[in-house]
file run15.pdb (PDB, C-alpha atoms and all ligand atoms)
MODEL        1
ATOM      1  CA  MET V   7       0.000   0.000   0.000
ATOM      2  CA  SER V   8       1.312   3.450  -0.817
ATOM      3  CA  VAL V   9       0.092   7.015  -0.326
ATOM      4  CA  ASP V  10       0.771  10.412  -1.850
ATOM      5  CA  PHE V  11       2.997  12.933  -0.048
ATOM      6  CA  TYR V  12       2.422  16.529  -1.241
ATOM      7  CA  GLY V  13       2.446  15.442  -4.892
ATOM      8  CA  GLN V  14       6.037  14.157  -4.551
ATOM      9  CA  GLY V  15       5.102  10.574  -5.407
ATOM     10  CA  GLN V  16       3.679   7.466  -3.778
ATOM     11  CA  PHE V  17       5.359   6.141  -0.634
ATOM     12  CA  PRO V  18       4.662   3.563   2.077
ATOM     13  CA  PRO V  19       2.381   5.141   4.749
ATOM     14  CA  MET V  20       5.140   4.959   7.371
ATOM     15  CA  ALA V  21       7.791   6.688   5.241
ATOM     16  CA  PHE V  22       6.843  10.361   5.603
ATOM     17  CA  HIS V  23       3.537  10.614   7.435
ATOM     18  CA  SER V  24       3.298  11.362  11.151
ATOM     19  CA  GLU V  25       1.596   9.075  13.614
ATOM     20  CA  GLY V  26      -1.435  11.379  13.548
ATOM     21  CA  HIS V  27      -1.656  11.130   9.757
ATOM     22  CA  GLN V  28      -1.321   7.363   9.943
ATOM     23  CA  ASP V  29      -4.121   7.255  12.509
ATOM     24  CA  SER V  30      -6.279   9.305  10.129
ATOM     25  CA  MET V  31      -5.487   6.908   7.277
ATOM     26  CA  GLY V  32      -6.461   4.023   9.564
ATOM     27  CA  ILE V  33      -9.815   5.681  10.235
ATOM     28  CA  ALA V  34     -10.329   6.321   6.500
ATOM     29  CA  LEU V  35      -9.601   2.662   5.808
ATOM     30  CA  PHE V  36     -11.998   1.648   8.561
ATOM     31  CA  PHE V  37     -14.780   3.771   7.030
ATOM     32  CA  ALA V  38     -14.097   2.402   3.553
ATOM     33  CA  LEU V  39     -14.328  -1.176   4.848
ATOM     34  CA  MET V  40     -17.444  -0.309   6.788
ATOM     35  CA  GLU V  41     -19.170   0.879   3.622
ATOM     36  CA  LYS V  42     -17.997  -2.152   1.675
ATOM     37  CA  LEU V  43     -18.730  -4.826   4.253
ATOM     38  CA  THR V  44     -21.895  -3.723   6.029
ATOM     39  CA  THR V  45     -25.411  -3.537   4.652
ATOM     40  CA  SER V  46     -27.526  -0.401   4.688
ATOM     41  CA  GLU V  47     -29.634  -1.675   7.628
ATOM     42  CA  PHE V  48     -26.584  -1.751   9.830
ATOM     43  CA  GLY V  49     -26.212   1.826  11.020
ATOM     44  CA  LEU V  50     -24.269   1.541  14.271
ATOM     45  CA  VAL V  51     -20.540   2.296  14.501
ATOM     46  CA  VAL V  52     -18.407   2.313  17.662
ATOM     47  CA  LEU V  53     -15.269   4.470  17.630
ATOM     48  CA  ASP V  54     -13.138   3.783  20.681
ATOM     49  CA  ASP V  55     -10.603   6.585  21.346
ATOM     50  CA  VAL V  56      -9.590   6.842  17.693
ATOM     51  CA  VAL V  57      -8.055  10.308  17.567
ATOM     52  CA  MET V  58      -5.481  10.148  20.372
ATOM     53  CA  SER V  59      -2.544  11.343  18.286
ATOM     54  CA  VAL V  60      -4.454  13.621  15.918
ATOM     55  CA  ASP V  61      -3.956  17.363  16.509
ATOM     56  CA  ILE V  62      -6.799  19.713  17.370
ATOM     57  CA  GLU V  63      -7.373  21.275  13.924
ATOM     58  CA  HIS V  64      -7.557  17.869  12.238
ATOM     59  CA  ARG V  65      -9.891  16.658  14.965
ATOM     60  CA  LYS V  66     -12.302  19.462  14.159
ATOM     61  CA  ASN V  67     -12.203  18.432  10.505
ATOM     62  CA  PHE V  68     -12.825  14.866  11.589
ATOM     63  CA  CYS V  69     -15.987  16.071  13.378
ATOM     64  CA  ARG V  70     -17.218  17.782  10.212
ATOM     65  CA  LEU V  71     -16.436  14.680   8.176
ATOM     66  CA  LEU V  72     -18.502  12.424  10.456
ATOM     67  CA  LYS V  73     -21.371  14.889  10.295
ATOM     68  CA  SER V  74     -21.432  15.487   6.539
ATOM     69  CA  PHE V  75     -20.480  12.067   5.130
ATOM     70  CA  PHE V  76     -22.329   9.719   7.467
ATOM     71  CA  PRO V  77     -25.599  11.406   8.438
ATOM     72  CA  GLU V  78     -27.486   8.083   8.384
ATOM     73  CA  ARG V  79     -25.071   6.286  10.713
ATOM     74  CA  GLN V  80     -25.273   6.233  14.462
ATOM     75  CA  PHE V  81     -21.888   6.622  16.101
ATOM     76  CA  ILE V  82     -20.958   5.690  19.632
ATOM     77  CA  ILE V  83     -17.720   7.510  20.348
ATOM     78  CA  THR V  84     -15.757   6.765  23.507
ATOM     79  CA  THR V  85     -12.789   8.738  24.758
ATOM     80  CA  HIS V  86     -10.587   9.534  27.738
ATOM     81  CA  ASP V  87      -9.925  12.956  26.289
ATOM     82  CA  ASN V  88     -12.104  15.768  27.672
ATOM     83  CA  VAL V  89     -11.042  18.263  25.010
ATOM     84  CA  TRP V  90     -12.097  15.927  22.200
ATOM     85  CA  ALA V  91     -15.394  15.199  23.981
ATOM     86  CA  LYS V  92     -16.006  18.947  24.117
ATOM     87  CA  ASN V  93     -15.070  19.417  20.436
ATOM     88  CA  LEU V  94     -17.676  16.848  19.486
ATOM     89  CA  ILE V  95     -20.352  18.837  21.328
ATOM     90  CA  ASN V  96     -19.164  22.280  20.170
ATOM     91  CA  GLU V  97     -18.988  21.206  16.527
ATOM     92  CA  GLY V  98     -22.516  19.830  16.740
ATOM     93  CA  VAL V  99     -21.560  16.193  16.062
ATOM     94  CA  VAL V 100     -22.940  15.136  19.446
ATOM     95  CA  GLU V 101     -25.879  16.871  21.096
ATOM     96  CA  ARG V 102     -25.214  17.779  24.694
ATOM     97  CA  LYS V 103     -28.106  15.589  25.873
ATOM     98  CA  ASN V 104     -26.420  12.615  24.185
ATOM     99  CA  SER V 105     -23.073  13.002  25.912
ATOM    100  CA  ILE V 106     -22.443  10.768  28.888
ATOM    101  CA  GLU V 107     -19.558  11.156  31.294
ATOM    102  CA  PHE V 108     -18.423   8.232  33.420
ATOM    103  CA  LEU V 109     -17.273   9.830  36.672
ATOM    104  CA  TYR V 110     -16.059   6.682  38.448
ATOM    105  CA  TRP V 111     -17.106   3.126  39.070
ATOM    106  CA  ASN V 112     -17.000   0.494  41.770
ATOM    107  CA  VAL V 113     -17.998  -3.142  42.003
ATOM    108  CA  GLU V 114     -21.060  -2.506  44.220
ATOM    109  CA  GLU V 115     -22.695   0.330  42.292
ATOM    110  CA  GLY V 116     -21.252  -0.053  38.798
ATOM    111  CA  PRO V 117     -20.429   3.061  36.792
ATOM    112  CA  VAL V 118     -21.579   6.463  38.015
ATOM    113  CA  THR V 119     -22.442   8.704  35.085
ATOM    114  CA  VAL V 120     -23.714  12.164  34.298
ATOM    115  CA  VAL V 121     -25.785  12.507  31.152
ATOM    116  CA  GLY V 122     -25.761  15.567  28.949
ATOM    117  CA  GLN V 123     -24.550  17.865  31.682
ATOM    118  CA  ASP V 124     -22.490  20.960  31.360
ATOM    119  CA  VAL V 125     -19.378  21.836  33.337
ATOM    120  CA  TRP V 126     -21.436  23.607  36.027
ATOM    121  CA  ASN V 127     -23.707  20.704  36.903
ATOM    122  CA  THR V 128     -20.880  18.193  36.521
ATOM    123  CA  SER V 129     -18.782  20.224  38.984
ATOM    124  CA  ARG V 130     -21.694  20.333  41.432
ATOM    125  CA  THR V 131     -22.244  16.577  41.108
ATOM    126  CA  LYS V 132     -18.538  15.838  41.528
ATOM    127  CA  ALA V 133     -18.378  18.069  44.626
ATOM    128  CA  LYS V 134     -20.857  15.785  46.401
ATOM    129  CA  MET V 135     -18.353  12.913  46.190
ATOM    130  CA  ASP V 136     -14.913  14.456  46.096
ATOM    131  CA  LEU V 137     -14.377  18.162  46.673
ATOM    132  CA  HIS V 138     -10.682  18.074  45.886
ATOM    133  CA  GLY V 139     -11.286  16.255  42.604
ATOM    134  CA  ALA V 140     -14.157  18.611  41.777
ATOM    135  CA  SER V 141     -11.894  21.666  42.303
ATOM    136  CA  ALA V 142      -9.191  20.203  40.054
ATOM    137  CA  PHE V 143     -11.808  19.342  37.409
ATOM    138  CA  PHE V 144     -13.365  22.806  37.607
ATOM    139  CA  ARG V 145     -10.002  24.584  37.345
ATOM    140  CA  ARG V 146      -9.010  22.503  34.300
ATOM    141  CA  GLU V 147     -12.414  23.004  32.653
ATOM    142  CA  MET V 148     -12.317  26.767  33.220
ATOM    143  CA  GLU V 149      -8.825  27.015  31.759
ATOM    144  CA  CYS V 150     -10.070  25.194  28.682
ATOM    145  CA  HIS V 151     -13.274  27.255  28.613
ATOM    146  CA  PHE V 152     -11.524  30.627  28.720
ATOM    147  CA  GLU V 153      -8.926  29.516  26.205
ATOM    148  CA  ASN V 154     -11.803  28.834  23.825
ATOM    149  CA  ILE V 155     -13.345  32.246  24.622
ATOM    150  CA  CYS V 156      -9.975  33.933  23.932
ATOM    151  CA  ASP V 157      -9.859  32.118  20.593
ATOM    152  CA  LYS V 158     -13.404  33.173  19.670
ATOM    153  CA  LEU V 159     -12.830  36.806  20.647
ATOM    154  CA  HIS V 160      -9.242  36.954  19.328
ATOM    155  CA  ALA V 161      -8.201  38.157  22.760
ATOM    156  CA  ARG V 162      -4.730  39.524  23.504
ATOM    157  CA  ILE V 163      -2.648  37.554  25.926
ATOM    158  CA  ARG V 164       0.888  38.350  27.085
ATOM    159  CA  TYR V 165       3.225  36.220  24.993
ATOM    160  CA  ASN V 166       5.625  33.663  26.412
ATOM    161  CA  ASN V 167       7.868  31.286  24.485
ATOM    162  CA  ILE V 168       6.703  28.148  26.247
ATOM    163  CA  HIS V 169       3.220  28.771  24.798
ATOM    164  CA  LYS V 170       1.554  28.042  28.078
ATOM    165  CA  TRP V 171      -1.016  30.237  29.800
ATOM    166  CA  ASP V 172      -3.176  29.560  32.806
ATOM    167  CA  TYR V 173      -6.800  29.956  33.869
ATOM    168  CA  GLY V 174      -6.252  33.456  35.330
ATOM    169  CA  GLN V 175      -4.406  34.762  32.276
ATOM    170  CA  TYR V 176      -7.016  33.422  29.846
ATOM    171  CA  MET V 177      -9.859  34.736  31.987
ATOM    172  CA  SER V 178      -8.521  38.258  32.349
ATOM    173  CA  ALA V 179      -7.612  38.408  28.631
ATOM    174  CA  ALA V 180     -11.146  37.299  27.713
ATOM    175  CA  TYR V 181     -12.668  39.854  30.102
ATOM    176  CA  LYS V 182     -10.544  42.749  28.838
ATOM    177  CA  GLU V 183     -11.225  41.865  25.213
ATOM    178  CA  LEU V 184     -15.005  41.699  25.629
ATOM    179  CA  GLN V 185     -14.987  44.947  27.621
ATOM    180  CA  ASN V 186     -13.018  46.587  24.836
ATOM    181  CA  LEU V 187     -15.279  45.197  22.100
ATOM    182  CA  ILE V 188     -18.436  46.379  23.859
ATOM    183  CA  LYS V 189     -16.874  49.863  24.018
ATOM    184  CA  LYS V 190     -16.180  49.719  20.265
ATOM    185  CA  ALA V 191     -19.759  48.560  19.570
ATOM    186  CA  LYS V 192     -21.064  51.448  21.677
ATOM    187  CA  GLN V 193     -18.994  54.005  19.755
ATOM    188  CA  GLN V 194     -20.450  52.596  16.561
ATOM    189  CA  ALA V 195     -24.024  52.770  17.913
ATOM    190  CA  HIS V 196     -23.430  56.389  18.979
ATOM    191  CA  VAL V 197     -22.426  57.315  15.418
ATOM    192  CA  PHE V 198     -25.877  56.235  14.236
ATOM    193  CA  ASN V 199     -27.781  57.417  17.319
ATOM    194  CA  GLN V 200     -29.144  53.933  18.006
ATOM    195  CA  THR V 201     -30.494  54.546  21.485
ATOM    196  CA  GLU V 202     -31.864  51.043  21.984
ATOM    197  CA  THR V 203     -28.555  49.416  21.023
ATOM    198  CA  ILE V 204     -26.661  51.808  23.295
ATOM    199  CA  ASN V 205     -28.929  50.837  26.196
ATOM    200  CA  GLN V 206     -28.425  47.118  25.488
ATOM    201  CA  LEU V 207     -24.660  47.578  25.369
ATOM    202  CA  ASP V 208     -24.690  49.651  28.578
ATOM    203  CA  LEU V 209     -26.484  46.793  30.281
ATOM    204  CA  LEU V 210     -24.013  44.202  28.899
ATOM    205  CA  GLU V 211     -21.113  46.354  30.092
ATOM    206  CA  SER V 212     -22.419  46.827  33.617
ATOM    207  CA  THR V 213     -23.432  43.159  33.922
ATOM    208  CA  LEU V 214     -19.966  42.037  32.804
ATOM    209  CA  LYS V 215     -18.311  44.302  35.359
ATOM    210  CA  ALA V 216     -20.602  43.296  38.219
ATOM    211  CA  ARG V 217     -20.210  39.598  37.492
ATOM    212  CA  ILE V 218     -16.421  39.557  37.300
ATOM    213  CA  THR V 219     -16.382  41.372  40.632
ATOM    214  CA  THR V 220     -18.607  38.721  42.208
ATOM    215  CA  ALA V 221     -16.650  35.916  40.566
ATOM    216  CA  THR V 222     -13.156  37.105  41.514
ATOM    217  CA  ALA V 223     -12.632  40.162  43.694
ATOM    218  CA  GLU V 224     -15.253  39.167  46.252
ATOM    219  CA  ASN V 225     -14.667  35.470  45.921
ATOM    220  CA  TRP V 226     -11.415  34.198  47.428
ATOM    221  CA  VAL V 227     -12.351  30.624  46.463
ATOM    222  CA  THR V 228     -12.110  31.515  42.781
ATOM    223  CA  ASN V 229      -8.729  33.102  43.438
ATOM    224  CA  VAL V 230      -7.519  29.958  45.172
ATOM    225  CA  LEU V 231      -8.739  27.933  42.175
ATOM    226  CA  ILE V 232      -7.177  30.313  39.643
ATOM    227  CA  HIS V 233      -3.799  30.382  41.335
ATOM    228  CA  HIS V 234      -4.060  26.730  42.306
ATOM    229  CA  ASN V 235      -3.162  27.017  45.959
ATOM    230  CA  PRO V 236      -3.671  23.597  47.517
ATOM    231  CA  ASP V 237      -2.832  24.943  51.012
ATOM    232  CA  TYR V 238      -6.247  26.553  51.389
ATOM    233  CA  GLU V 239      -9.039  24.298  52.489
ATOM    234  CA  ILE V 240     -12.215  25.099  50.566
ATOM    235  CA  SER V 241     -15.568  24.015  51.996
ATOM    236  CA  LYS V 242     -18.316  22.589  49.823
ATOM    237  CA  PRO V 243     -20.699  25.575  50.136
ATOM    238  CA  GLU V 244     -17.804  27.898  49.243
ATOM    239  CA  PHE V 245     -16.927  25.819  46.200
ATOM    240  CA  LEU V 246     -20.567  25.717  45.056
ATOM    241  CA  ALA V 247     -20.868  29.486  45.460
ATOM    242  CA  ALA V 248     -17.746  29.956  43.328
ATOM    243  CA  VAL V 249     -19.221  27.687  40.635
ATOM    244  CA  ASP V 250     -22.467  29.726  40.679
ATOM    245  CA  ALA V 251     -20.582  33.018  40.371
ATOM    246  CA  MET V 252     -18.400  31.737  37.546
ATOM    247  CA  GLU V 253     -21.424  30.361  35.673
ATOM    248  CA  GLN V 254     -23.030  33.819  35.831
ATOM    249  CA  PHE V 255     -19.831  35.466  34.630
ATOM    250  CA  CYS V 256     -19.440  32.999  31.751
ATOM    251  CA  GLN V 257     -22.980  33.763  30.557
ATOM    252  CA  CYS V 258     -21.669  37.222  29.583
ATOM    253  CA  PHE V 259     -19.640  35.500  26.845
ATOM    254  CA  GLU V 260     -22.539  33.634  25.253
ATOM    255  CA  CYS V 261     -25.786  34.389  23.458
ATOM    256  CA  SER V 262     -28.797  34.060  25.751
ATOM    257  CA  LYS V 263     -30.798  32.423  22.922
ATOM    258  CA  CYS V 264     -28.491  29.887  21.204
ATOM    259  CA  HIS V 265     -25.991  29.610  24.095
ATOM    260  CA  THR V 266     -22.986  29.570  21.759
ATOM    261  CA  ALA V 267     -19.917  31.629  22.544
ATOM    262  CA  ILE V 268     -19.911  35.046  20.914
ATOM    263  CA  SER V 269     -17.095  35.636  18.437
ATOM    264  CA  THR V 270     -15.361  38.587  16.893
ATOM    265  CA  ILE V 271     -15.471  38.711  13.107
ATOM    266  CA  TYR V 272     -12.307  40.196  11.626
ATOM    267  CA  ALA V 273     -11.673  41.789   8.254
ATOM    268  CA  GLY V 274      -7.896  41.785   7.930
ATOM    269  CA  GLU V 275      -6.555  43.381  11.117
ATOM    270  CA  ASN V 276      -9.833  45.044  12.112
ATOM    271  CA  PRO V 277     -12.659  43.628  14.205
ATOM    272  CA  VAL V 278     -15.867  44.353  12.307
ATOM    273  CA  ALA V 279     -18.609  42.607  14.286
ATOM    274  CA  LEU V 280     -19.426  40.787  17.489
ATOM    275  CA  MET V 281     -21.726  37.839  16.771
ATOM    276  CA  CYS V 282     -23.178  34.551  17.981
ATOM    277  CA  LYS V 283     -24.109  31.549  15.863
ATOM    278  CA  CYS V 284     -27.871  32.274  15.628
ATOM    279  CA  GLY V 285     -27.381  35.970  14.880
ATOM    280  CA  SER V 286     -29.516  37.385  17.694
ATOM    281  CA  TYR V 287     -26.367  38.675  19.390
ATOM    282  CA  ALA V 288     -24.951  40.926  16.691
ATOM    283  CA  TYR V 289     -23.193  44.272  17.061
ATOM    284  CA  PRO V 290     -21.250  45.976  14.295
ATOM    285  CA  LEU V 291     -17.858  47.351  15.380
ATOM    286  CA  LYS V 292     -17.113  49.194  12.187
ATOM    287  CA  GLN V 293     -19.207  50.777   9.465
TER
HETATM  288 ZN    ZN V 301     -27.365  33.264  19.386
ENDMDL
END
call {"tool": "encode", "arguments": {"input": "run15.pdb", "output": "structure tokens", "more": "lines below"}}
Ligand SMILES: [Zn+2]
result
Amino acid sequence: MSVDFYGQGQFPPMAFHSEGHQDSMGIALFFALMEKLTTSEFGLVVLDDVVMSVDIEHRKNFCRLLKSFFPERQFIITTHDNVWAKNLINEGVVERKNSIEFLYWNVEEGPVTVVGQDVWNTSRTKAKMDLHGASAFFRREMECHFENICDKLHARIRYNNIHKWDYGQYMSAAYKELQNLIKKAKQQAHVFNQTETINQLDLLESTLKARITTATAENWVTNVLIHHNPDYEISKPEFLAAVDAMEQFCQCFECSKCHTAISTIYAGENPVALMCKCGSYAYPLKQ
């Protein structure tokens, strides 16, 4: 068997392609065999942790491929990788209500699962069993969450050459960027005397400010989580209050109708609009 490499000729799959590429070829082969060997009545496919060594951009393409090429198949996709599980939901391959997380298992009770729950409810459920584990989970999830927000908003973050940023850095970059974008949207609305839009944006601005204050400045638990200080003992009610405050704050970054993260649309170097997926959250930033 041989494969093309950038139009340079046909080579054995192991000659030039990375492990991730080889994994992708394996999946392609699997799908080809599936089409060839199974009948049309057989619509169920189980994919067990198939994208372990595939990078994030290719994983997103993999999601789109499953969605557009196999709409009549039912996939059961298992993984140990939280980021991949989230990609599948964010890209619309898996509906949130169809995602199941196995929290732990034991011989007496079997597996303990949460079905279709978001990070907030999962954190609350985890806190009932293991507060320390719930805090670690929440911190990791929030880091991932705000990284995604920074990506959507094209937020500015102070560069470092190890390419590693933490929860606090992502969160403050996301906050500053949204604050800045709302200001830009307001300037634009003022140019056209759009009183209603100005009022909406004023409300968004004050809500954002009030909620970050509740989530951080007045909430030492969040600060302990952000700076990961294991010396402080957090109680369960304190942890749950921090989760509530952070959930409220995070709602500032999503559309209240479609619940997708709002993104900044760029034309070249200039942000031109702030939008959600359904279009009900839409503010021009430039004429
Ligand atoms: Zn929307």
call {"tool": "residues_near_ligand", "arguments": {"input": "run15.pdb", "ligand": "ligand ZN 301 (chain V)", "cutoff": "7 Å", "atoms": "all atoms listed in the file", "output": "compact mmCIF listing (two decimals) with C-alpha atoms, in the coordinates of the input"}}
result
# COMPACT_ATOMS: atom_id res chain seq x y z
CA CYS V 261 -25.79 34.39 23.46
CA SER V 262 -28.80 34.06 25.75
CA LYS V 263 -30.80 32.42 22.92
CA CYS V 264 -28.49 29.89 21.20
CA HIS V 265 -25.99 29.61 24.10
CA THR V 266 -22.99 29.57 21.76
CA CYS V 282 -23.18 34.55 17.98
CA LYS V 283 -24.11 31.55 15.86
CA CYS V 284 -27.87 32.27 15.63
CA GLY V 285 -27.38 35.97 14.88
CA SER V 286 -29.52 37.38 17.69
CA TYR V 287 -26.37 38.67 19.39
call {"tool": "residues_around", "arguments": {"input": "run15.pdb", "residues": "Ala279 (chain V)", "least_positions_apart": "2", "cutoff": "12 Å", "atoms": "only C-alpha atoms", "output": "JSON, numbers by chain"}}
result
{"V": [159, 184, 187, 188, 190, 191, 192, 194, 268, 269, 270, 271, 272, 273, 276, 277, 281, 282, 285, 287, 288, 289, 290, 291, 292, 293]}
call {"tool": "atom_distance", "arguments": {"input": "run15.pdb", "atom1": "CA of Asn88 (chain V)", "atom2": "CA of Glu147 (chain V)"}}
result
8.8 Å
call {"tool": "residues_near_point", "arguments": {"input": "run15.pdb", "point": "(-24.5, 19.9, 16.5)", "cutoff": "12 Å", "atoms": "only C-alpha atoms", "output": "list of chain:residue names"}}
result
V:Cys69, V:Arg70, V:Leu72, V:Lys73, V:Ser74, V:Pro77, V:Lys92, V:Asn93, V:Leu94, V:Ile95, V:Asn96, V:Glu97, V:Gly98, V:Val99, V:Val100, V:Glu101, V:Arg102, V:Lys103, V:Asn104, V:Ser105, V:Cys264, V:Thr266, V:Lys283
call {"tool": "residues_around", "arguments": {"input": "run15.pdb", "residues": "region 203-208 of chain V", "least_positions_apart": "2", "cutoff": "9 Å", "atoms": "only C-alpha atoms", "output": "ChimeraX atom specification"}}
result
/V:188-189,191-193,195-196,199-201,210-213,289
call {"tool": "closest_residue", "arguments": {"input": "run15.pdb", "among": "V:Thr131, V:Phe76, V:Ile106, V:Lys242", "to": "Thr119 (chain V)", "atoms": "only C-alpha atoms"}}
result
V:Ile106
call {"tool": "residues_near_point", "arguments": {"input": "run15.pdb", "point": "(1.5, 7.6, -1.9)", "cutoff": "12 Å", "atoms": "all atoms listed in the file", "output": "PyMOL selection string"}}
result
chain V and resi 7-23+31
call {"tool": "atom_distance", "arguments": {"input": "run15.pdb", "atom1": "CA of Tyr176 (chain V)", "atom2": "CA of Ile218 (chain V)"}}
result
13.5 Å
call {"tool": "atom_distance", "arguments": {"input": "run15.pdb", "atom1": "CA of Glu183 (chain V)", "atom2": "CA of Ile163 (chain V)"}}
result
9.6 Å
call {"tool": "closest_residue", "arguments": {"input": "run15.pdb", "among": "V:Glu149, V:Asp157, V:Glu41, V:Glu224", "to": "Ala248 (chain V)", "atoms": "all atoms listed in the file"}}
result
V:Glu224
call {"tool": "resolve_selection", "arguments": {"input": "run15.pdb", "expression": "the PyMOL selection byres (((chain V and resi 107) around 9) and not hetatm)", "output": "VMD selection string"}}
result
chain V and resid 105 to 106 108 to 109 118 to 123 128
call {"tool": "residues_around", "arguments": {"input": "run15.pdb", "residues": "region 135-137 of chain V", "least_positions_apart": "3", "cutoff": "9 Å", "atoms": "all atoms listed in the file", "output": "number ranges by chain"}}
result
V: 131-132, 140-142, 240-242, 245
call {"tool": "residues_around", "arguments": {"input": "run15.pdb", "residues": "Phe36 (chain V)", "least_positions_apart": "6", "cutoff": "12 Å", "atoms": "all atoms listed in the file", "output": "list in words"}}
result
Asp29, Ser30, Lys42, Leu43, Thr44, Val51, Val52, Leu53 and Val56 of chain V
call {"tool": "closest_residue", "arguments": {"input": "run15.pdb", "among": "V:Asp172, V:Glu78, V:Glu114, V:Asp250", "to": "Phe152 (chain V)", "atoms": "only C-alpha atoms"}}
result
V:Asp172
call {"tool": "closest_residue", "arguments": {"input": "run15.pdb", "among": "V:Phe144, V:Phe75, V:Tyr238, V:Phe255", "to": "Arg217 (chain V)", "atoms": "only C-alpha atoms"}}
result
V:Phe255
call {"tool": "closest_residue", "arguments": {"input": "run15.pdb", "among": "V:Leu246, V:Ala180, V:Val197, V:Leu231", "to": "Phe259 (chain V)", "atoms": "only C-alpha atoms"}}
result
V:Ala180
call {"tool": "build_atoms", "arguments": {"input": "run15.pdb", "residues": "region 282-287 of chain V", "atoms": "all heavy atoms", "output": "PDB file, keeping the file's coordinate frame"}}
result
ATOM      1  N   CYS V 282     -23.013  35.943  17.559  1.00  0.00           N
ATOM      2  CA  CYS V 282     -23.178  34.551  17.981  1.00  0.00           C
ATOM      3  C   CYS V 282     -23.585  33.733  16.762  1.00  0.00           C
ATOM      4  O   CYS V 282     -23.733  34.271  15.672  1.00  0.00           O
ATOM      5  CB  CYS V 282     -24.254  34.448  19.058  1.00  0.00           C
ATOM      6  SG  CYS V 282     -25.899  34.670  18.390  1.00  0.00           S
ATOM      7  N   LYS V 283     -23.795  32.440  16.976  1.00  0.00           N
ATOM      8  CA  LYS V 283     -24.109  31.549  15.863  1.00  0.00           C
ATOM      9  C   LYS V 283     -25.491  31.836  15.263  1.00  0.00           C
ATOM     10  O   LYS V 283     -25.667  31.819  14.055  1.00  0.00           O
ATOM     11  CB  LYS V 283     -24.042  30.093  16.353  1.00  0.00           C
ATOM     12  CG  LYS V 283     -23.539  29.117  15.304  1.00  0.00           C
ATOM     13  CD  LYS V 283     -23.270  27.763  15.946  1.00  0.00           C
ATOM     14  CE  LYS V 283     -22.427  26.879  15.062  1.00  0.00           C
ATOM     15  NZ  LYS V 283     -21.939  25.703  15.788  1.00  0.00           N
ATOM     16  N   CYS V 284     -26.499  32.105  16.141  1.00  0.00           N
ATOM     17  CA  CYS V 284     -27.871  32.274  15.628  1.00  0.00           C
ATOM     18  C   CYS V 284     -28.124  33.673  15.085  1.00  0.00           C
ATOM     19  O   CYS V 284     -29.108  33.914  14.390  1.00  0.00           O
ATOM     20  CB  CYS V 284     -28.901  31.922  16.702  1.00  0.00           C
ATOM     21  SG  CYS V 284     -29.188  33.210  17.928  1.00  0.00           S
ATOM     22  N   GLY V 285     -27.243  34.625  15.427  1.00  0.00           N
ATOM     23  CA  GLY V 285     -27.381  35.970  14.880  1.00  0.00           C
ATOM     24  C   GLY V 285     -28.199  36.914  15.734  1.00  0.00           C
ATOM     25  O   GLY V 285     -28.360  38.090  15.400  1.00  0.00           O
ATOM     26  N   SER V 286     -28.742  36.448  16.878  1.00  0.00           N
ATOM     27  CA  SER V 286     -29.516  37.385  17.694  1.00  0.00           C
ATOM     28  C   SER V 286     -28.591  38.267  18.542  1.00  0.00           C
ATOM     29  O   SER V 286     -28.983  39.336  18.995  1.00  0.00           O
ATOM     30  CB  SER V 286     -30.552  36.662  18.552  1.00  0.00           C
ATOM     31  OG  SER V 286     -29.974  35.627  19.265  1.00  0.00           O
ATOM     32  N   TYR V 287     -27.365  37.824  18.749  1.00  0.00           N
ATOM     33  CA  TYR V 287     -26.367  38.675  19.390  1.00  0.00           C
ATOM     34  C   TYR V 287     -25.483  39.186  18.265  1.00  0.00           C
ATOM     35  O   TYR V 287     -24.645  38.450  17.746  1.00  0.00           O
ATOM     36  CB  TYR V 287     -25.547  37.836  20.381  1.00  0.00           C
ATOM     37  CG  TYR V 287     -24.644  38.615  21.316  1.00  0.00           C
ATOM     38  CD1 TYR V 287     -24.869  38.609  22.692  1.00  0.00           C
ATOM     39  CD2 TYR V 287     -23.540  39.325  20.837  1.00  0.00           C
ATOM     40  CE1 TYR V 287     -24.041  39.296  23.560  1.00  0.00           C
ATOM     41  CE2 TYR V 287     -22.711  40.020  21.705  1.00  0.00           C
ATOM     42  CZ  TYR V 287     -22.966  39.998  23.063  1.00  0.00           C
ATOM     43  OH  TYR V 287     -22.138  40.669  23.922  1.00  0.00           O
TER      44      TYR V 287
END
